[in-house]
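Text of my_file-v2.pdb, listed as PDB, C-alpha atoms, pLDDT in the B column:
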ATOM      1  CA  MET X   1      64.876  16.710  22.941  1.00 43.00           C
ATOM      2  CA  THR X   2      61.826  17.980  21.071  1.00 43.00           C
ATOM      3  CA  THR X   3      60.512  17.445  17.580  1.00 42.00           C
ATOM      4  CA  THR X   4      57.993  19.650  15.799  1.00 42.00           C
ATOM      5  CA  VAL X   5      55.342  17.593  14.054  1.00 41.00           C
ATOM      6  CA  ASN X   6      53.870  20.113  11.632  1.00 41.00           C
ATOM      7  CA  ILE X   7      54.801  23.532  10.326  1.00 36.00           C
ATOM      8  CA  SER X   8      52.978  26.719  11.296  1.00 38.00           C
ATOM      9  CA  PRO X   9      53.180  30.423  10.631  1.00 43.00           C
ATOM     10  CA  THR X  10      56.016  31.929  12.577  1.00 43.00           C
ATOM     11  CA  SER X  11      56.908  35.229  14.090  1.00 44.00           C
ATOM     12  CA  PRO X  12      59.664  37.364  12.551  1.00 45.00           C
ATOM     13  CA  LEU X  13      62.082  35.514  14.836  1.00 45.00           C
ATOM     14  CA  GLY X  14      61.116  32.155  13.306  1.00 46.00           C
ATOM     15  CA  VAL X  15      59.190  30.927  16.371  1.00 49.00           C
ATOM     16  CA  ALA X  16      55.721  29.362  16.021  1.00 57.00           C
ATOM     17  CA  GLU X  17      52.968  31.658  17.285  1.00 89.00           C
ATOM     18  CA  HIS X  18      51.163  28.747  19.025  1.00 95.00           C
ATOM     19  CA  THR X  19      52.445  25.347  20.136  1.00 96.00           C
ATOM     20  CA  LEU X  20      50.843  22.264  21.658  1.00 97.00           C
ATOM     21  CA  PHE X  21      53.491  20.437  23.706  1.00 97.00           C
ATOM     22  CA  VAL X  22      52.976  16.729  24.435  1.00 97.00           C
ATOM     23  CA  CYS X  23      55.070  14.768  26.926  1.00 95.00           C
ATOM     24  CA  LYS X  24      56.065  11.510  25.254  1.00 94.00           C
ATOM     25  CA  THR X  25      57.478   9.946  28.435  1.00 92.00           C
ATOM     26  CA  CYS X  26      54.215  10.092  30.395  1.00 89.00           C
ATOM     27  CA  ALA X  27      52.706   6.814  31.577  1.00 88.00           C
ATOM     28  CA  SER X  28      55.807   4.789  30.755  1.00 85.00           C
ATOM     29  CA  VAL X  29      56.511   1.321  32.061  1.00 86.00           C
ATOM     30  CA  TRP X  30      60.104   0.939  33.251  1.00 84.00           C
ATOM     31  CA  GLN X  31      62.221  -2.115  33.920  1.00 86.00           C
ATOM     32  CA  ASP X  32      65.880  -2.035  34.936  1.00 89.00           C
ATOM     33  CA  GLY X  33      66.096   1.655  34.047  1.00 84.00           C
ATOM     34  CA  LYS X  34      64.753   1.164  30.514  1.00 85.00           C
ATOM     35  CA  ARG X  35      61.363   2.087  29.135  1.00 84.00           C
ATOM     36  CA  LEU X  36      59.345  -0.861  27.887  1.00 85.00           C
ATOM     37  CA  GLY X  37      57.177  -0.514  24.815  1.00 87.00           C
ATOM     38  CA  GLU X  38      55.208   2.558  23.828  1.00 89.00           C
ATOM     39  CA  SER X  39      54.399   5.008  26.616  1.00 91.00           C
ATOM     40  CA  GLY X  40      50.972   6.482  27.213  1.00 92.00           C
ATOM     41  CA  GLY X  41      52.380   9.856  26.183  1.00 93.00           C
ATOM     42  CA  GLU X  42      53.518   8.437  22.844  1.00 94.00           C
ATOM     43  CA  LYS X  43      50.076   6.911  22.302  1.00 95.00           C
ATOM     44  CA  LEU X  44      48.418  10.258  23.059  1.00 96.00           C
ATOM     45  CA  LEU X  45      50.891  12.031  20.770  1.00 96.00           C
ATOM     46  CA  HIS X  46      50.109   9.653  17.887  1.00 96.00           C
ATOM     47  CA  GLN X  47      46.362  10.104  18.414  1.00 96.00           C
ATOM     48  CA  LEU X  48      46.775  13.886  18.366  1.00 97.00           C
ATOM     49  CA  GLN X  49      48.891  13.711  15.206  1.00 96.00           C
ATOM     50  CA  GLU X  50      46.284  11.537  13.515  1.00 96.00           C
ATOM     51  CA  LEU X  51      43.381  13.816  14.487  1.00 95.00           C
ATOM     52  CA  ALA X  52      45.393  16.888  13.480  1.00 96.00           C
ATOM     53  CA  HIS X  53      45.309  15.807   9.831  1.00 94.00           C
ATOM     54  CA  ASP X  54      41.676  17.013   9.734  1.00 94.00           C
ATOM     55  CA  TRP X  55      42.053  19.839  12.295  1.00 95.00           C
ATOM     56  CA  GLU X  56      41.381  23.329  10.904  1.00 94.00           C
ATOM     57  CA  LEU X  57      44.342  24.719  12.890  1.00 94.00           C
ATOM     58  CA  ARG X  58      46.913  22.097  11.877  1.00 90.00           C
ATOM     59  CA  ASP X  59      48.984  24.728  10.043  1.00 90.00           C
ATOM     60  CA  GLN X  60      48.702  27.391  12.775  1.00 92.00           C
ATOM     61  CA  PHE X  61      49.194  25.265  15.911  1.00 94.00           C
ATOM     62  CA  PRO X  62      52.032  22.731  15.626  1.00 95.00           C
ATOM     63  CA  ILE X  63      52.199  19.705  17.883  1.00 96.00           C
ATOM     64  CA  GLN X  64      55.613  19.339  19.456  1.00 96.00           C
ATOM     65  CA  GLU X  65      56.740  16.282  21.380  1.00 96.00           C
ATOM     66  CA  VAL X  66      58.751  16.816  24.542  1.00 96.00           C
ATOM     67  CA  GLU X  67      60.956  14.154  26.140  1.00 93.00           C
ATOM     68  CA  CYS X  68      59.673  14.919  29.670  1.00 93.00           C
ATOM     69  CA  MET X  69      57.592  17.697  31.218  1.00 95.00           C
ATOM     70  CA  SER X  70      58.357  16.643  34.829  1.00 93.00           C
ATOM     71  CA  ALA X  71      54.771  15.961  35.869  1.00 92.00           C
ATOM     72  CA  CYS X  72      55.173  12.192  36.063  1.00 88.00           C
ATOM     73  CA  ASN X  73      52.675  11.673  38.864  1.00 90.00           C
ATOM     74  CA  ARG X  74      49.988  13.484  36.807  1.00 93.00           C
ATOM     75  CA  SER X  75      50.396  11.853  33.397  1.00 90.00           C
ATOM     76  CA  CYS X  76      49.513  12.249  30.614  1.00 95.00           C
ATOM     77  CA  VAL X  77      50.555  15.901  30.229  1.00 97.00           C
ATOM     78  CA  VAL X  78      50.154  18.551  27.513  1.00 97.00           C
ATOM     79  CA  ALA X  79      50.710  22.319  27.399  1.00 97.00           C
ATOM     80  CA  PHE X  80      49.420  25.197  25.283  1.00 97.00           C
ATOM     81  CA  ALA X  81      51.784  28.113  24.741  1.00 96.00           C
ATOM     82  CA  ALA X  82      51.722  31.204  22.543  1.00 95.00           C
ATOM     83  CA  LYS X  83      53.432  34.550  22.331  1.00 91.00           C
ATOM     84  CA  GLY X  84      51.628  37.115  24.501  1.00 92.00           C
ATOM     85  CA  LYS X  85      49.215  34.554  25.990  1.00 95.00           C
ATOM     86  CA  LEU X  86      48.865  32.584  29.179  1.00 96.00           C
ATOM     87  CA  THR X  87      50.578  29.187  29.090  1.00 97.00           C
ATOM     88  CA  TYR X  88      48.545  26.232  30.350  1.00 97.00           C
ATOM     89  CA  LEU X  89      49.841  22.884  31.594  1.00 97.00           C
ATOM     90  CA  PHE X  90      47.274  20.087  31.821  1.00 97.00           C
ATOM     91  CA  GLY X  91      47.727  16.664  33.384  1.00 96.00           C
ATOM     92  CA  ASP X  92      45.716  13.586  34.317  1.00 95.00           C
ATOM     93  CA  LEU X  93      44.691  13.122  30.683  1.00 96.00           C
ATOM     94  CA  ALA X  94      43.370   9.684  29.755  1.00 94.00           C
ATOM     95  CA  VAL X  95      45.537   8.102  27.072  1.00 93.00           C
ATOM     96  CA  ASP X  96      42.695   6.642  25.032  1.00 91.00           C
ATOM     97  CA  SER X  97      39.963   9.256  25.334  1.00 94.00           C
ATOM     98  CA  SER X  98      41.327  12.791  25.578  1.00 96.00           C
ATOM     99  CA  ALA X  99      42.945  13.598  22.200  1.00 97.00           C
ATOM    100  CA  SER X 100      39.859  15.180  20.633  1.00 96.00           C
ATOM    101  CA  ALA X 101      39.232  17.226  23.805  1.00 97.00           C
ATOM    102  CA  VAL X 102      42.840  18.464  23.727  1.00 97.00           C
ATOM    103  CA  LEU X 103      42.452  19.708  20.137  1.00 97.00           C
ATOM    104  CA  GLN X 104      39.067  21.257  20.970  1.00 97.00           C
ATOM    105  CA  CYS X 105      40.625  23.122  23.910  1.00 97.00           C
ATOM    106  CA  ALA X 106      43.601  24.146  21.756  1.00 97.00           C
ATOM    107  CA  SER X 107      41.119  25.670  19.289  1.00 97.00           C
ATOM    108  CA  GLN X 108      39.495  27.619  22.130  1.00 97.00           C
ATOM    109  CA  TYR X 109      42.930  28.786  23.285  1.00 97.00           C
ATOM    110  CA  TYR X 110      43.824  29.885  19.758  1.00 96.00           C
ATOM    111  CA  ALA X 111      40.641  31.972  19.489  1.00 95.00           C
ATOM    112  CA  LYS X 112      41.270  33.908  22.729  1.00 94.00           C
ATOM    113  CA  ALA X 113      43.503  36.985  22.416  1.00 92.00           C
ATOM    114  CA  ASN X 114      44.943  36.441  25.903  1.00 94.00           C
ATOM    115  CA  GLY X 115      44.632  32.639  25.917  1.00 95.00           C
ATOM    116  CA  LEU X 116      42.295  32.619  28.928  1.00 96.00           C
ATOM    117  CA  LEU X 117      40.422  29.305  29.167  1.00 96.00           C
ATOM    118  CA  PRO X 118      37.588  29.642  31.711  1.00 95.00           C
ATOM    119  CA  TRP X 119      36.822  26.371  33.493  1.00 95.00           C
ATOM    120  CA  SER X 120      33.202  26.363  32.316  1.00 95.00           C
ATOM    121  CA  GLU X 121      34.205  26.589  28.647  1.00 95.00           C
ATOM    122  CA  ARG X 122      36.844  23.846  28.626  1.00 96.00           C
ATOM    123  CA  PRO X 123      36.069  20.312  27.435  1.00 96.00           C
ATOM    124  CA  GLU X 124      35.348  17.940  30.315  1.00 94.00           C
ATOM    125  CA  ALA X 125      38.702  16.134  29.996  1.00 94.00           C
ATOM    126  CA  LEU X 126      40.568  19.408  30.674  1.00 95.00           C
ATOM    127  CA  LYS X 127      38.489  20.771  33.558  1.00 93.00           C
ATOM    128  CA  LYS X 128      40.100  18.930  36.471  1.00 90.00           C
ATOM    129  CA  GLY X 129      43.666  18.335  35.354  1.00 91.00           C
ATOM    130  CA  ILE X 130      45.069  21.853  35.225  1.00 94.00           C
ATOM    131  CA  LEU X 131      48.583  21.876  36.697  1.00 96.00           C
ATOM    132  CA  ALA X 132      49.616  25.439  35.908  1.00 96.00           C
ATOM    133  CA  LYS X 133      48.445  28.692  34.358  1.00 96.00           C
ATOM    134  CA  ILE X 134      51.529  30.797  33.692  1.00 96.00           C
ATOM    135  CA  PRO X 135      51.305  34.502  32.821  1.00 95.00           C
ATOM    136  CA  PRO X 136      52.744  35.641  29.488  1.00 92.00           C
ATOM    137  CA  LEU X 137      56.188  37.165  29.332  1.00 83.00           C
ATOM    138  CA  SER X 138      56.197  40.956  29.355  1.00 67.00           C
ATOM    139  CA  GLN X 139      56.935  42.386  25.959  1.00 58.00           C
TER
END

Could you express the structure from this file as structure tokens?
Amino acid sequence: MTTTVNISPTSPLGVAEHTLFVCKTCASVWQDGKRLGESGGEKLLHQLQELAHDWELRDQFPIQEVECMSACNRSCVVAFAAKGKLTYLFGDLAVDSSASAVLQCASQYYAKANGLLPWSERPEALKKGILAKIPPLSQ
């Protein structure tokens, strides 16, 4: 289950041109098969939503929560995706100190025609936690 947090310009097919995906199950505490309290992913999501109110790309780059991104041993996890661009999956993000770096990196991603995010240009919080760089779909 996913929920889009803000609205953005869409392609003719009604799909957002850019999306920031945030795993809301990351860094959960479980007891007897049930999640206890707010997960680290939910905390990161709320921080991103709060910072996005003042983000210049809030209307072009929606934040979308994802139930699970299957990178549990590398939480917290986010992904940048856009039509015709590389898709990036980042993990090992600190719950309390990476939200501003995620939005800064998303801005860099938005500005690149192909989405390429060279290691040296990424914010410190997103230099070591890259889990995947997926080529764009052929058009």

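Residue membership of the PyMOL selection byres ((chain X and resi 100-104) around 8) in the shown file amounts to Leu48, Leu51, Ala52, Trp55, Ser97, Ser98, Ala99, Cys105, Ala106, Ser107, Gln108, Pro123, Glu124, Ala125 and Leu126 of chain X.
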
(request) Could you check how far atom CA of Gly115 of chain X sits from atom CA of Cys76 of chain X, in Å to one decimal? (result)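 Atom CA of Cys76 of chain X lies at a distance of 21.5 Å from atom CA of Gly115 of chain X.
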
(request) Point out the residue among X:Leu44, X:Ala71, X:Leu137, X:Val29 with the least atom-to-atom distance to Ala94 of chain X, counting only C-alpha atoms. (result) X:Leu44

Quick one: what's the axis-aligned box for segment 99-110 of chain X, all listed atoms, 5 Å on every side, centre and edges in Å to one decimal, as JSON?
{"center_x": 41.4, "center_y": 21.7, "center_z": 21.6, "size_x": 14.8, "size_y": 26.3, "size_z": 14.6}

(request) Identify which of the residues X:Asp96, X:Arg35, X:Ala111, X:Leu89 lies closest to Pro135 of chain X, counting all atoms listed in the file when measuring atom-to-atom distances. (result)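 Distance minimum relative to Pro135 of chain X lands on X:Leu89.
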
When the PyMOL selection byres ((chain X and resi 69) around 12) is applied to the structure above, which residues does it catch, written out as a PDB file with C-alpha atoms, in the coordinates of the input?
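Output file selection_8.pdb is given in full below:
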ATOM      1  CA  MET X   1      64.876  16.710  22.941  1.00 43.00           C
ATOM      2  CA  THR X   2      61.826  17.980  21.071  1.00 43.00           C
ATOM      3  CA  PHE X  21      53.491  20.437  23.706  1.00 97.00           C
ATOM      4  CA  VAL X  22      52.976  16.729  24.435  1.00 97.00           C
ATOM      5  CA  CYS X  23      55.070  14.768  26.926  1.00 95.00           C
ATOM      6  CA  LYS X  24      56.065  11.510  25.254  1.00 94.00           C
ATOM      7  CA  THR X  25      57.478   9.946  28.435  1.00 92.00           C
ATOM      8  CA  CYS X  26      54.215  10.092  30.395  1.00 89.00           C
ATOM      9  CA  ALA X  27      52.706   6.814  31.577  1.00 88.00           C
ATOM     10  CA  GLY X  41      52.380   9.856  26.183  1.00 93.00           C
ATOM     11  CA  GLU X  65      56.740  16.282  21.380  1.00 96.00           C
ATOM     12  CA  VAL X  66      58.751  16.816  24.542  1.00 96.00           C
ATOM     13  CA  GLU X  67      60.956  14.154  26.140  1.00 93.00           C
ATOM     14  CA  CYS X  68      59.673  14.919  29.670  1.00 93.00           C
ATOM     15  CA  SER X  70      58.357  16.643  34.829  1.00 93.00           C
ATOM     16  CA  ALA X  71      54.771  15.961  35.869  1.00 92.00           C
ATOM     17  CA  CYS X  72      55.173  12.192  36.063  1.00 88.00           C
ATOM     18  CA  ASN X  73      52.675  11.673  38.864  1.00 90.00           C
ATOM     19  CA  ARG X  74      49.988  13.484  36.807  1.00 93.00           C
ATOM     20  CA  SER X  75      50.396  11.853  33.397  1.00 90.00           C
ATOM     21  CA  CYS X  76      49.513  12.249  30.614  1.00 95.00           C
ATOM     22  CA  VAL X  77      50.555  15.901  30.229  1.00 97.00           C
ATOM     23  CA  VAL X  78      50.154  18.551  27.513  1.00 97.00           C
ATOM     24  CA  ALA X  79      50.710  22.319  27.399  1.00 97.00           C
ATOM     25  CA  LEU X  89      49.841  22.884  31.594  1.00 97.00           C
ATOM     26  CA  PHE X  90      47.274  20.087  31.821  1.00 97.00           C
ATOM     27  CA  GLY X  91      47.727  16.664  33.384  1.00 96.00           C
ATOM     28  CA  LEU X 131      48.583  21.876  36.697  1.00 96.00           C
TER      29      LEU X 131
END

(message) Given all atoms listed in the file as the basis, pick out the residue of X:Leu86, X:Ala113, X:Val95, X:Ile134 nearest to Ser28 of chain X.
(response)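 Checking each of X:Leu86, X:Ala113, X:Val95, X:Ile134 against Ser28 of chain X, counting all atoms listed in the file, the winner is X:Val95.
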
(request) Grab the atom CA of Asp92 of chain X to atom CA of Gln31 of chain X distance for me, in Å with one decimal place. (result) 22.8 Å

(message) To one decimal place in Å, what is the distance between atom CA of Asn114 of chain X and atom CA of Glu17 of chain X?
(response)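 Spanning atom CA of Asn114 of chain X to atom CA of Glu17 of chain X is a straight-line distance of 12.7 Å.
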
(request) Find, counting only C-alpha atoms, the residue in X:Leu57, X:Thr87, X:Gly37, X:Leu93 that gets nearest to Leu117 of chain X. (result)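 Using only C-alpha atoms, the shortest distance to Leu117 of chain X belongs to X:Thr87.
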
(request) Rank nothing, just name the residue among X:His46, X:Lys128, X:Leu116, X:Asp32 nearest to Tyr88 of chain X, using only C-alpha atoms. (result)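 Distance minimum relative to Tyr88 of chain X lands on X:Leu116.
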
(request) Considering only C-alpha atoms, state which residue in the set X:Thr19, X:Ala82, X:Gly129, X:Pro118 is at the smallest distance from Asp59 of chain X. (result)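 Comparing X:Thr19, X:Ala82, X:Gly129, X:Pro118 against Asp59 of chain X, the winner is X:Thr19.
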
Take segment 112-123 of chain X, bring it up to N, CA, C and O atoms, and give me the output as an mmCIF file, in the coordinates of the input.
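Generated file (rebuild_3.cif):
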data_model
loop_
_atom_site.group_PDB
_atom_site.id
_atom_site.type_symbol
_atom_site.label_atom_id
_atom_site.label_comp_id
_atom_site.auth_asym_id
_atom_site.auth_seq_id
_atom_site.Cartn_x
_atom_site.Cartn_y
_atom_site.Cartn_z
ATOM 1 N N LYS X 112 41.254 32.897 21.670
ATOM 2 C CA LYS X 112 41.270 33.908 22.729
ATOM 3 C C LYS X 112 42.526 34.766 22.620
ATOM 4 O O LYS X 112 43.642 34.246 22.624
ATOM 5 N N ALA X 113 42.363 36.068 22.561
ATOM 6 C CA ALA X 113 43.503 36.985 22.416
ATOM 7 C C ALA X 113 44.521 36.836 23.545
ATOM 8 O O ALA X 113 45.715 36.928 23.322
ATOM 9 N N ASN X 114 44.037 36.570 24.758
ATOM 10 C CA ASN X 114 44.943 36.441 25.903
ATOM 11 C C ASN X 114 45.169 34.982 26.304
ATOM 12 O O ASN X 114 45.911 34.696 27.227
ATOM 13 N N GLY X 115 44.483 34.059 25.627
ATOM 14 C CA GLY X 115 44.632 32.639 25.917
ATOM 15 C C GLY X 115 43.834 32.151 27.110
ATOM 16 O O GLY X 115 43.910 30.981 27.470
ATOM 17 N N LEU X 116 43.051 33.014 27.738
ATOM 18 C CA LEU X 116 42.295 32.619 28.928
ATOM 19 C C LEU X 116 41.280 31.533 28.592
ATOM 20 O O LEU X 116 40.476 31.686 27.673
ATOM 21 N N LEU X 117 41.328 30.438 29.356
ATOM 22 C CA LEU X 117 40.422 29.305 29.167
ATOM 23 C C LEU X 117 39.580 29.111 30.424
ATOM 24 O O LEU X 117 39.963 28.356 31.321
ATOM 25 N N PRO X 118 38.431 29.800 30.523
ATOM 26 C CA PRO X 118 37.588 29.642 31.711
ATOM 27 C C PRO X 118 37.187 28.174 31.906
ATOM 28 O O PRO X 118 36.925 27.455 30.937
ATOM 29 N N TRP X 119 37.153 27.750 33.148
ATOM 30 C CA TRP X 119 36.822 26.371 33.493
ATOM 31 C C TRP X 119 35.530 25.923 32.803
ATOM 32 O O TRP X 119 35.472 24.837 32.233
ATOM 33 N N SER X 120 34.518 26.751 32.845
ATOM 34 C CA SER X 120 33.202 26.363 32.316
ATOM 35 C C SER X 120 33.194 26.155 30.804
ATOM 36 O O SER X 120 32.320 25.474 30.285
ATOM 37 N N GLU X 121 34.167 26.707 30.109
ATOM 38 C CA GLU X 121 34.205 26.589 28.647
ATOM 39 C C GLU X 121 35.095 25.461 28.156
ATOM 40 O O GLU X 121 35.043 25.092 26.993
ATOM 41 N N ARG X 122 35.920 24.901 29.038
ATOM 42 C CA ARG X 122 36.844 23.846 28.626
ATOM 43 C C ARG X 122 36.129 22.516 28.462
ATOM 44 O O ARG X 122 35.154 22.240 29.164
ATOM 45 N N PRO X 123 36.619 21.663 27.542
ATOM 46 C CA PRO X 123 36.069 20.312 27.435
ATOM 47 C C PRO X 123 36.232 19.578 28.774
ATOM 48 O O PRO X 123 37.166 19.856 29.535
#
